[in-house]
Amino acid sequence: MMAGRFFGGKPCRILPLLHVEGVPIIVAAGLEKYCPFSLREAMFRCGRNVPDMSMGMSVGLIPIVGKVFSEVDGIYALGATHVTVIGRGGIYEGAGSTTFLIEGDKSWASDFMEYICSIKGTSPSGIEDTLKECLRCGPGAPDHLNCIYKGRINNV
C-alpha cells in the first residue's frame, strides 16, 4: 500500500489490529497496481522523506498481508467461465484501462454487460481525505512532502 500521510494515515491505524484479531484481509488491488519488480527492494528504496523532489505527494510502501482480489477475480465471482486480459492502457478517458475477453453463457453475458454499463463512470470509493488530488500542492494537500509544485501553484 502506498502511504503518503504521516504513519500511513487512517488505514494504518486499523490494519495491524485486524491481523491481531484474526480478521481475514481482502486486498482489493486493480491490475494497474501490478509491478513486475521486487517489492522488497522498492520498500527499502523509498519513503515519504527519502526523495528530494516528487511530482505530488511522496510515498512510502507498507506491505499488506491478505488475499489479493483483482478485477479478474471479481469477474469470475460474477459468473464468468473464463477471463483473459488482452490489453492494457489507453489515452484520454481510457488511460489506465484494461481490456478483457470474458467468456460465459449467452444469457449470463447479456446480464453481465448490462451490469457493467450500469456502473460505468461511477465515482471512486475510499476515504474522502485520501481522494483529494494534489492540485499542484494547493490547500487540499498540506502534507505533501518534497513536492516540486509546493509554492509554485501559478508558475508551473
# chains A, B, ... in the order shown; residues from 1 in each chain; ligands from 1
$ select_by_dssp --residues "stretch 19-126 of chain A" --states "strand (DSSP E or B)" --output "list of chain:residue names"
A:Ile26, A:Val27, A:Ala28, A:Ser54, A:Gly60, A:Leu61, A:Lys67, A:Val68, A:Phe69, A:His82, A:Val83, A:Thr84, A:Val85, A:Ile86, A:Gly87, A:Arg88, A:Thr98, A:Thr99, A:Phe100, A:Leu101, A:Ile102, A:Glu103
$ residues_around --residues "A:Pro24" --least-positions-apart "3" --cutoff "10 Å" --atoms "only C-alpha atoms" --output "JSON, numbers by chain"
{"A": [18, 19, 21, 27, 65, 66, 67]}
$ write_last_selection --atoms "N, CA and C atoms" --output "compact mmCIF listing (two decimals), in the first residue's frame"
# COMPACT_ATOMS: atom_id res chain seq x y z
N LEU A 18 -6.60 -5.56 12.97
CA LEU A 18 -7.38 -6.60 12.31
C LEU A 18 -6.59 -7.90 12.26
N HIS A 19 -5.30 -7.81 11.98
CA HIS A 19 -4.46 -9.01 11.95
C HIS A 19 -4.40 -9.67 13.33
N GLU A 21 -6.62 -9.71 15.59
CA GLU A 21 -7.89 -10.37 15.89
C GLU A 21 -8.21 -11.52 14.94
N VAL A 27 -7.43 -7.78 -0.06
CA VAL A 27 -6.73 -6.65 -0.65
C VAL A 27 -7.28 -6.44 -2.05
N VAL A 65 -0.72 -8.04 4.36
CA VAL A 65 -0.90 -9.48 4.28
C VAL A 65 -2.39 -9.74 4.09
N GLY A 66 -2.72 -10.47 3.04
CA GLY A 66 -4.12 -10.77 2.80
C GLY A 66 -4.31 -11.44 1.46
N LYS A 67 -5.55 -11.69 1.10
CA LYS A 67 -5.92 -12.31 -0.16
C LYS A 67 -6.14 -11.21 -1.19
$ residues_around --residues "A:Gly89" --least-positions-apart "2" --cutoff "12 Å" --atoms "only C-alpha atoms" --output "list in words"
Leu31, Glu32, Val85, Ile86, Gly87, Ile91, Tyr92, Glu93, Gly94, Ala95, Gly96, Ser97, Thr98, Thr99 and Phe100 of chain A
$ atom_distance --atom1 "atom CA of A:Arg13" --atom2 "atom CA of A:Cys35"
25.8 Å
$ residues_around --residues "A:Met2" --least-positions-apart "5" --cutoff "7 Å" --atoms "only C-alpha atoms" --output "list in words"
Val59, Gly60, Leu61 and Ile62 of chain A
$ write_last_selection --atoms "C-alpha atoms" --output "PDB file, in the first residue's frame"
ATOM      1  CA  VAL A  59       5.067   7.993  -0.525  1.00  0.00           C
ATOM      2  CA  GLY A  60       6.404   5.039   1.381  1.00  0.00           C
ATOM      3  CA  LEU A  61       5.256   1.455   0.932  1.00  0.00           C
ATOM      4  CA  ILE A  62       3.550  -0.735   3.529  1.00  0.00           C
TER       5      ILE A  62
END
$ atom_distance --atom1 "atom CA of A:Gly22" --atom2 "atom CA of A:Gly9"
21.7 Å
$ closest_residue --among "A:Phe6, A:Phe69, A:Leu78, A:Cys117" --to "A:Ile25" --atoms "only C-alpha atoms"
A:Phe69
$ closest_residue --among "A:Gly90, A:Gly121, A:Gly74, A:Pro63" --to "A:Leu15" --atoms "only C-alpha atoms"
A:Pro63
$ closest_residue --among "A:Ser70, A:Ala42, A:Val20, A:Gly47" --to "A:Gly8" --atoms "only C-alpha atoms"
A:Gly47
$ closest_residue --among "A:Met43, A:Cys147, A:Met1, A:Ala29" --to "A:Val68" --atoms "only C-alpha atoms"
A:Ala29
$ closest_residue --among "A:Gly30, A:Gly79, A:Pro51, A:Arg45" --to "A:Ser110" --atoms "only C-alpha atoms"
A:Gly79
$ atom_distance --atom1 "atom CA of A:Trp108" --atom2 "atom CA of A:Thr81"
10.1 Å
$ closest_residue --among "A:Lys120, A:Val83, A:Ile64, A:Ala109" --to "A:Ile14" --atoms "only C-alpha atoms"
A:Ile64
